[in-house]
Amino acid sequence: MDISSQEIEAIVRKVIAGINPATNVTPDIPAIKSPKYTGDNGVFERVEEAVEAAWKAQRDWVTNYKVEDRHRIVEAIRRCGRDHVEEWSHLIVEETQMGRYEDKVEKHLAVINKTPGPECLTTEAISGDAGLMIEEYAPFGVIGSITPTTNPTETMIHNTISMISGGNSIVFNVHPRAKRVCAECLQALHKAIVDAGGPANLITMLREPTMDTVDMLTSNPKVRLMTGTGGMGMVNALLRSGKKCIGAGAGNPPVIVDETADVELAARKIYEGASFDNNILCFAEKEVFVVSPNYEGFIHNIQKQGAYLLNNSQVEALVKICLEPNKNQSGYEVNKKWVGKNAALILAQIGVQVEDSCRLAVCEVPADHPFVLVEQMMPVLPIVRCSTFEEAMEKAVIAEQGNRHTSSIFSKDVDHMTRFARLIETTIYVKNSCTKAGVGIGGEGHCTMTIAGPTGEGITNAKSFCRRRRCMLAEGGLRII
Ligand code: NAD
């Protein structure tokens, strides 16, 4: 039974009055302060406060609201998102210093319009001689959500629609380098939820997110599920935590252009995909393996699209700028200073002047080059010449490094398409288009910015953040046959 602080105070006053009936004067007792955890429109200073507030909101959400309310509030979130797309896209570029404004607008619209709401939570029913069984998608409760710097508000919008559609509430631990725009976004979505009649604090975040707050969230018993969208360091840390977790980790997507491919199409789509938002997307094309007969044609066509072809000494100079030795000196890691920068700015560092309309630099390198093996997230695309399709497949699998995230192929040979799919085993596999088509941007199917490869949920939606629960009615009382 829940008792409010006013009720407790009234009881205490009555008891005290009963102890001293002669005076019949209620002594002045201080009001009992129950913590209210109001936050600042969903933004909290402390982890426990955010969790407690989200926990209360979730109890309210599942107890006092119907599925039709979830639909109404998800629609309010979509409207709010559309109203702020330009503003948030500008703010992200300003705060993270990564990516391109116009592409961020496209990413936002994709998650706003193509993230499914509660309609995807269909009930399964089996009716038979032994009765009626239903299985439904039920909430976990409070979900802790860690979000990346590369799609900060896009991930927040997708996860909000998906998680609250499933009856959950959320505490976001956003990337510290995107905390300002994320707070703006969260407060606008929070207001949209409350204005549409939903509970306050259904979505919350920490004003100052850190690694420590990730640990505190993960270890809080009221947080029933953790989701992590970002690099493998974070995903592996979550997987080791012992808490149920959904991990959406790094990719390094290879593309094969085989000897049967339409090279003009391949060059056009790869130029578009690899330069989209300056290649910071986990599912963007990161290296290309071209089978010999099509090699010159592909290089010619991608230059025709506008790509700048680097020579060998320019590639060497660029490696020194874009990469740095990793911690154990066994190879390279990315120099974060250049992640997501425009091609023109990166090329200017090695004395190459190009117009800003040149969105991509390409280079011809061997398969073991660090530009192939390191997930650069820059508009610098390495291209590897292969003698046969088999060689291209083998090298593509090595470059993907077991992430099993995203890959693609340009081919007219169905056998090639099938063989590469089986070998590479990626969550997203695209044929004859940009890899972004695999998350519904220029392709069929719903959109997500949380692609959960390591834990297997794949292209996440509301179902991914729910528990399956079964109800069995024996004796067939409700059956009609
Ligand atoms: P990042 O790993 O630096 O940060 C992601 C989040 O994890 C941030 O909120 C950060 O504060 C937190 N974090 C980082 N290391 C942590 C640790 N050891 N313990 C706890 N928390 C930690 O990644 P980023 O630079 O923001 O994003 C780029 C990376 O994320 C790329 O590798 C990209 O491929 C990947 N990514 C994957 C997806 C997907 O859906 N699979 C989506 C976007 C980005």
# chains A, B, ... in the order shown; residues from 1 in each chain; ligands from 1
call {"tool": "residues_around", "arguments": {"residues": "Thr123 (chain A)", "least_positions_apart": "4", "cutoff": "7 Å", "atoms": "only C-alpha atoms", "output": "ChimeraX atom specification"}}
result
/A:134-136
call {"tool": "write_last_selection", "arguments": {"atoms": "N, CA and C atoms", "output": "mmCIF file, in the first residue's frame"}}
result
data_model
loop_
_atom_site.group_PDB
_atom_site.id
_atom_site.type_symbol
_atom_site.label_atom_id
_atom_site.label_comp_id
_atom_site.auth_asym_id
_atom_site.auth_seq_id
_atom_site.Cartn_x
_atom_site.Cartn_y
_atom_site.Cartn_z
ATOM 1 N N ILE A 134 -1.661 -17.634 -24.560
ATOM 2 C CA ILE A 134 -1.200 -16.414 -25.231
ATOM 3 C C ILE A 134 0.201 -16.070 -24.733
ATOM 4 N N GLU A 135 1.002 -15.554 -25.656
ATOM 5 C CA GLU A 135 2.323 -15.029 -25.276
ATOM 6 C C GLU A 135 2.387 -13.581 -25.707
ATOM 7 N N GLU A 136 2.850 -12.721 -24.778
ATOM 8 C CA GLU A 136 2.851 -11.286 -25.061
ATOM 9 C C GLU A 136 4.207 -10.674 -24.746
#
call {"tool": "residues_around", "arguments": {"residues": "region 347-357 of chain A", "least_positions_apart": "2", "cutoff": "7 Å", "atoms": "only C-alpha atoms", "output": "ChimeraX atom specification"}}
result
/A:314,317-318,343-345,359
call {"tool": "write_last_selection", "arguments": {"atoms": "N, CA, C and O atoms", "output": "PDB file, in the first residue's frame"}}
result
ATOM      1  N   GLN A 314      50.667  10.410 -50.599  1.00  0.00           N
ATOM      2  CA  GLN A 314      49.576  11.085 -49.873  1.00  0.00           C
ATOM      3  C   GLN A 314      48.941  10.125 -48.850  1.00  0.00           C
ATOM      4  O   GLN A 314      48.582  10.529 -47.743  1.00  0.00           O
ATOM      5  N   ALA A 317      51.210   9.946 -45.864  1.00  0.00           N
ATOM      6  CA  ALA A 317      51.090  11.172 -45.062  1.00  0.00           C
ATOM      7  C   ALA A 317      49.782  11.169 -44.262  1.00  0.00           C
ATOM      8  O   ALA A 317      49.748  11.563 -43.091  1.00  0.00           O
ATOM      9  N   LEU A 318      48.726  10.646 -44.880  1.00  0.00           N
ATOM     10  CA  LEU A 318      47.415  10.645 -44.227  1.00  0.00           C
ATOM     11  C   LEU A 318      47.364   9.647 -43.059  1.00  0.00           C
ATOM     12  O   LEU A 318      46.706   9.911 -42.042  1.00  0.00           O
ATOM     13  N   ALA A 343      35.973  15.633 -45.804  1.00  0.00           N
ATOM     14  CA  ALA A 343      37.131  15.182 -46.583  1.00  0.00           C
ATOM     15  C   ALA A 343      38.050  16.364 -46.901  1.00  0.00           C
ATOM     16  O   ALA A 343      39.283  16.244 -46.806  1.00  0.00           O
ATOM     17  N   ALA A 344      37.472  17.509 -47.252  1.00  0.00           N
ATOM     18  CA  ALA A 344      38.297  18.660 -47.639  1.00  0.00           C
ATOM     19  C   ALA A 344      39.216  19.091 -46.499  1.00  0.00           C
ATOM     20  O   ALA A 344      40.381  19.437 -46.723  1.00  0.00           O
ATOM     21  N   LEU A 345      38.693  19.023 -45.271  1.00  0.00           N
ATOM     22  CA  LEU A 345      39.489  19.440 -44.112  1.00  0.00           C
ATOM     23  C   LEU A 345      40.620  18.443 -43.849  1.00  0.00           C
ATOM     24  O   LEU A 345      41.772  18.827 -43.554  1.00  0.00           O
ATOM     25  N   ARG A 359      33.128  14.851 -51.236  1.00  0.00           N
ATOM     26  CA  ARG A 359      32.742  14.276 -49.935  1.00  0.00           C
ATOM     27  C   ARG A 359      33.578  13.084 -49.523  1.00  0.00           C
ATOM     28  O   ARG A 359      33.440  12.576 -48.412  1.00  0.00           O
TER      29      ARG A 359
END
call {"tool": "residues_near_ligand", "arguments": {"ligand": "ligand 1", "cutoff": "7 Å", "atoms": "only C-alpha atoms and all ligand atoms", "output": "ChimeraX atom specification"}}
result
/A:146-151,173-176,210-211,214,228-234,237,248-251,281-282,449-453
call {"tool": "closest_residue", "arguments": {"among": "A:Leu189, A:Cys434, A:Ala284, A:Val142", "to": "His405 (chain A)", "atoms": "only C-alpha atoms"}}
result
A:Ala284
call {"tool": "closest_residue", "arguments": {"among": "A:Ile126, A:Ile203, A:Val339, A:Leu91", "to": "Gly167 (chain A)", "atoms": "only C-alpha atoms"}}
result
A:Ile203
call {"tool": "closest_atom_pairs", "arguments": {"of": "region 90-161 of chain A", "to": "region 76-81 of chain A", "cutoff": "12 Å", "atoms": "only C-alpha atoms", "output": "tab-separated table"}}
result
residue	atom	partner	partner_atom	distance
A:Val105	CA	A:Gly81	CA	10.6
A:Lys107	CA	A:Gly81	CA	11.6
A:His108	CA	A:Gly81	CA	7.8
A:Leu109	CA	A:Gly81	CA	8.1
A:Ala110	CA	A:Arg78	CA	10.8
A:Val111	CA	A:Arg78	CA	9.0
A:Ile112	CA	A:Arg78	CA	5.4
A:Asn113	CA	A:Arg78	CA	7.0
A:Lys114	CA	A:Arg78	CA	9.9
A:Thr115	CA	A:Arg78	CA	9.5
A:Pro116	CA	A:Arg78	CA	10.9
A:Gly117	CA	A:Arg78	CA	10.2
A:Thr153	CA	A:Gly81	CA	9.7
A:Glu154	CA	A:Gly81	CA	9.6
A:Met156	CA	A:Gly81	CA	10.7
A:Ile157	CA	A:Gly81	CA	7.7
A:His158	CA	A:Arg78	CA	10.0
A:Asn159	CA	A:Ile77	CA	11.6
A:Thr160	CA	A:Ile77	CA	8.6
A:Ile161	CA	A:Ile77	CA	7.5
call {"tool": "write_last_selection", "arguments": {"atoms": "N, CA, C and O atoms", "output": "PDB file, in the first residue's frame"}}
result
ATOM      1  N   VAL A 105      20.032  15.468 -40.565  1.00  0.00           N
ATOM      2  CA  VAL A 105      18.589  15.686 -40.738  1.00  0.00           C
ATOM      3  C   VAL A 105      17.969  14.392 -41.278  1.00  0.00           C
ATOM      4  O   VAL A 105      16.936  13.909 -40.771  1.00  0.00           O
ATOM      5  N   LYS A 107      19.096  11.297 -41.037  1.00  0.00           N
ATOM      6  CA  LYS A 107      19.123  10.232 -40.014  1.00  0.00           C
ATOM      7  C   LYS A 107      17.990  10.429 -39.007  1.00  0.00           C
ATOM      8  O   LYS A 107      17.313   9.474 -38.617  1.00  0.00           O
ATOM      9  N   HIS A 108      17.812  11.677 -38.564  1.00  0.00           N
ATOM     10  CA  HIS A 108      16.737  11.946 -37.592  1.00  0.00           C
ATOM     11  C   HIS A 108      15.376  11.567 -38.174  1.00  0.00           C
ATOM     12  O   HIS A 108      14.566  10.911 -37.512  1.00  0.00           O
ATOM     13  N   LEU A 109      15.137  12.015 -39.418  1.00  0.00           N
ATOM     14  CA  LEU A 109      13.819  11.734 -40.005  1.00  0.00           C
ATOM     15  C   LEU A 109      13.595  10.236 -40.150  1.00  0.00           C
ATOM     16  O   LEU A 109      12.479   9.738 -39.980  1.00  0.00           O
ATOM     17  N   ALA A 110      14.672   9.509 -40.439  1.00  0.00           N
ATOM     18  CA  ALA A 110      14.530   8.050 -40.567  1.00  0.00           C
ATOM     19  C   ALA A 110      14.096   7.423 -39.243  1.00  0.00           C
ATOM     20  O   ALA A 110      13.164   6.618 -39.208  1.00  0.00           O
ATOM     21  N   VAL A 111      14.751   7.806 -38.131  1.00  0.00           N
ATOM     22  CA  VAL A 111      14.340   7.182 -36.858  1.00  0.00           C
ATOM     23  C   VAL A 111      12.972   7.685 -36.405  1.00  0.00           C
ATOM     24  O   VAL A 111      12.184   6.924 -35.836  1.00  0.00           O
ATOM     25  N   ILE A 112      12.702   8.960 -36.672  1.00  0.00           N
ATOM     26  CA  ILE A 112      11.400   9.510 -36.245  1.00  0.00           C
ATOM     27  C   ILE A 112      10.257   8.803 -36.995  1.00  0.00           C
ATOM     28  O   ILE A 112       9.254   8.414 -36.400  1.00  0.00           O
ATOM     29  N   ASN A 113      10.428   8.638 -38.301  1.00  0.00           N
ATOM     30  CA  ASN A 113       9.325   8.108 -39.118  1.00  0.00           C
ATOM     31  C   ASN A 113       9.307   6.582 -39.200  1.00  0.00           C
ATOM     32  O   ASN A 113       8.257   5.998 -39.452  1.00  0.00           O
ATOM     33  N   LYS A 114      10.464   5.943 -39.023  1.00  0.00           N
ATOM     34  CA  LYS A 114      10.517   4.505 -39.317  1.00  0.00           C
ATOM     35  C   LYS A 114      10.881   3.622 -38.120  1.00  0.00           C
ATOM     36  O   LYS A 114      11.245   2.461 -38.305  1.00  0.00           O
ATOM     37  N   THR A 115      10.823   4.194 -36.904  1.00  0.00           N
ATOM     38  CA  THR A 115      10.955   3.333 -35.714  1.00  0.00           C
ATOM     39  C   THR A 115       9.544   2.873 -35.351  1.00  0.00           C
ATOM     40  O   THR A 115       8.680   3.700 -35.078  1.00  0.00           O
ATOM     41  N   PRO A 116       9.298   1.562 -35.332  1.00  0.00           N
ATOM     42  CA  PRO A 116       7.929   1.113 -35.035  1.00  0.00           C
ATOM     43  C   PRO A 116       7.507   1.449 -33.610  1.00  0.00           C
ATOM     44  O   PRO A 116       8.336   1.499 -32.707  1.00  0.00           O
ATOM     45  N   GLY A 117       6.236   1.684 -33.426  1.00  0.00           N
ATOM     46  CA  GLY A 117       5.674   1.911 -32.095  1.00  0.00           C
ATOM     47  C   GLY A 117       5.079   0.617 -31.545  1.00  0.00           C
ATOM     48  O   GLY A 117       5.487  -0.481 -31.953  1.00  0.00           O
ATOM     49  N   THR A 153      21.364  12.040 -30.525  1.00  0.00           N
ATOM     50  CA  THR A 153      19.919  12.204 -30.344  1.00  0.00           C
ATOM     51  C   THR A 153      19.136  11.218 -31.216  1.00  0.00           C
ATOM     52  O   THR A 153      18.025  10.837 -30.863  1.00  0.00           O
ATOM     53  N   GLU A 154      19.733  10.787 -32.316  1.00  0.00           N
ATOM     54  CA  GLU A 154      19.058   9.794 -33.163  1.00  0.00           C
ATOM     55  C   GLU A 154      18.833   8.506 -32.341  1.00  0.00           C
ATOM     56  O   GLU A 154      17.757   7.909 -32.376  1.00  0.00           O
ATOM     57  N   MET A 156      18.784   8.354 -29.058  1.00  0.00           N
ATOM     58  CA  MET A 156      17.850   8.676 -27.970  1.00  0.00           C
ATOM     59  C   MET A 156      16.402   8.590 -28.469  1.00  0.00           C
ATOM     60  O   MET A 156      15.533   8.033 -27.782  1.00  0.00           O
ATOM     61  N   ILE A 157      16.137   9.101 -29.656  1.00  0.00           N
ATOM     62  CA  ILE A 157      14.761   9.081 -30.183  1.00  0.00           C
ATOM     63  C   ILE A 157      14.337   7.640 -30.481  1.00  0.00           C
ATOM     64  O   ILE A 157      13.254   7.199 -30.088  1.00  0.00           O
ATOM     65  N   HIS A 158      15.213   6.898 -31.160  1.00  0.00           N
ATOM     66  CA  HIS A 158      14.866   5.509 -31.481  1.00  0.00           C
ATOM     67  C   HIS A 158      14.600   4.719 -30.200  1.00  0.00           C
ATOM     68  O   HIS A 158      13.593   4.007 -30.089  1.00  0.00           O
ATOM     69  N   ASN A 159      15.524   4.828 -29.232  1.00  0.00           N
ATOM     70  CA  ASN A 159      15.375   4.027 -28.009  1.00  0.00           C
ATOM     71  C   ASN A 159      14.150   4.465 -27.215  1.00  0.00           C
ATOM     72  O   ASN A 159      13.457   3.624 -26.623  1.00  0.00           O
ATOM     73  N   THR A 160      13.864   5.763 -27.209  1.00  0.00           N
ATOM     74  CA  THR A 160      12.681   6.231 -26.483  1.00  0.00           C
ATOM     75  C   THR A 160      11.420   5.620 -27.086  1.00  0.00           C
ATOM     76  O   THR A 160      10.591   5.042 -26.365  1.00  0.00           O
ATOM     77  N   ILE A 161      11.273   5.739 -28.410  1.00  0.00           N
ATOM     78  CA  ILE A 161      10.053   5.199 -29.036  1.00  0.00           C
ATOM     79  C   ILE A 161       9.953   3.698 -28.770  1.00  0.00           C
ATOM     80  O   ILE A 161       8.905   3.179 -28.366  1.00  0.00           O
TER      81      ILE A 161
END
call {"tool": "select_by_dssp", "arguments": {"residues": "region 270-318 of chain A", "states": "alpha helix (DSSP H)", "output": "NGL selection string"}}
result
:A and (270-275 or 295-305 or 312-318)
call {"tool": "atom_distance", "arguments": {"atom1": "CA of Asn279 (chain A)", "atom2": "CA of Gly340 (chain A)"}}
result
6.4 Å
call {"tool": "atom_distance", "arguments": {"atom1": "CA of Glu48 (chain A)", "atom2": "CA of Asn168 (chain A)"}}
result
17.4 Å
call {"tool": "residues_around", "arguments": {"residues": "region 266-278 of chain A", "least_positions_apart": "2", "cutoff": "7 Å", "atoms": "only C-alpha atoms", "output": "list of chain:residue names"}}
result
A:Gly99, A:Arg100, A:Asp103, A:Lys104, A:Asp262, A:Val263, A:Glu264, A:Ile280, A:Ala284, A:Glu285, A:Lys286, A:Phe298, A:Asn301, A:Ile302, A:Gln305, A:Gly340, A:Lys341, A:Asn342, A:Arg359, A:Leu360, A:Met378, A:Pro379, A:Phe410, A:Asn432, A:Ser433, A:Cys434, A:Thr435, A:Lys436
call {"tool": "decode", "arguments": {"residues": "region 455-470 of chain A", "atoms": "N, CA and C atoms", "output": "PDB file, in the first residue's frame"}}
result
ATOM      1  N   THR A 455      24.710  -9.333 -29.118  1.00  0.00           N
ATOM      2  CA  THR A 455      23.739 -10.074 -28.312  1.00  0.00           C
ATOM      3  C   THR A 455      22.567 -10.597 -29.142  1.00  0.00           C
ATOM      4  N   GLY A 456      22.556 -10.301 -30.444  1.00  0.00           N
ATOM      5  CA  GLY A 456      21.666 -11.009 -31.359  1.00  0.00           C
ATOM      6  C   GLY A 456      20.287 -10.437 -31.627  1.00  0.00           C
ATOM      7  N   GLU A 457      19.940  -9.294 -31.026  1.00  0.00           N
ATOM      8  CA  GLU A 457      18.600  -8.735 -31.279  1.00  0.00           C
ATOM      9  C   GLU A 457      18.509  -8.100 -32.660  1.00  0.00           C
ATOM     10  N   GLY A 458      19.672  -7.790 -33.254  1.00  0.00           N
ATOM     11  CA  GLY A 458      19.706  -7.272 -34.622  1.00  0.00           C
ATOM     12  C   GLY A 458      19.195  -5.858 -34.736  1.00  0.00           C
ATOM     13  N   ILE A 459      18.339  -5.629 -35.753  1.00  0.00           N
ATOM     14  CA  ILE A 459      17.805  -4.286 -36.030  1.00  0.00           C
ATOM     15  C   ILE A 459      16.705  -4.039 -34.993  1.00  0.00           C
ATOM     16  N   THR A 460      17.070  -3.438 -33.877  1.00  0.00           N
ATOM     17  CA  THR A 460      16.171  -3.420 -32.718  1.00  0.00           C
ATOM     18  C   THR A 460      14.875  -2.637 -32.976  1.00  0.00           C
ATOM     19  N   ASN A 461      13.831  -3.036 -32.267  1.00  0.00           N
ATOM     20  CA  ASN A 461      12.580  -2.275 -32.186  1.00  0.00           C
ATOM     21  C   ASN A 461      11.955  -2.594 -30.825  1.00  0.00           C
ATOM     22  N   ALA A 462      10.702  -2.200 -30.624  1.00  0.00           N
ATOM     23  CA  ALA A 462      10.086  -2.363 -29.301  1.00  0.00           C
ATOM     24  C   ALA A 462      10.176  -3.806 -28.784  1.00  0.00           C
ATOM     25  N   LYS A 463      10.074  -4.770 -29.695  1.00  0.00           N
ATOM     26  CA  LYS A 463      10.125  -6.179 -29.263  1.00  0.00           C
ATOM     27  C   LYS A 463      11.440  -6.509 -28.565  1.00  0.00           C
ATOM     28  N   SER A 464      12.526  -5.894 -29.071  1.00  0.00           N
ATOM     29  CA  SER A 464      13.859  -6.224 -28.544  1.00  0.00           C
ATOM     30  C   SER A 464      13.983  -5.877 -27.068  1.00  0.00           C
ATOM     31  N   PHE A 465      13.204  -4.889 -26.605  1.00  0.00           N
ATOM     32  CA  PHE A 465      13.364  -4.393 -25.237  1.00  0.00           C
ATOM     33  C   PHE A 465      12.242  -4.910 -24.328  1.00  0.00           C
ATOM     34  N   CYS A 466      11.649  -6.032 -24.724  1.00  0.00           N
ATOM     35  CA  CYS A 466      10.563  -6.631 -23.937  1.00  0.00           C
ATOM     36  C   CYS A 466      10.899  -8.053 -23.532  1.00  0.00           C
ATOM     37  N   ARG A 467      10.205  -8.508 -22.490  1.00  0.00           N
ATOM     38  CA  ARG A 467      10.283  -9.907 -22.064  1.00  0.00           C
ATOM     39  C   ARG A 467       9.079 -10.635 -22.637  1.00  0.00           C
ATOM     40  N   ARG A 468       9.261 -11.895 -22.969  1.00  0.00           N
ATOM     41  CA  ARG A 468       8.126 -12.715 -23.395  1.00  0.00           C
ATOM     42  C   ARG A 468       7.469 -13.288 -22.142  1.00  0.00           C
ATOM     43  N   ARG A 469       6.167 -13.115 -22.047  1.00  0.00           N
ATOM     44  CA  ARG A 469       5.445 -13.741 -20.932  1.00  0.00           C
ATOM     45  C   ARG A 469       4.278 -14.544 -21.489  1.00  0.00           C
ATOM     46  N   ARG A 470       4.006 -15.664 -20.842  1.00  0.00           N
ATOM     47  CA  ARG A 470       2.946 -16.566 -21.327  1.00  0.00           C
ATOM     48  C   ARG A 470       1.814 -16.661 -20.310  1.00  0.00           C
TER      49      ARG A 470
END
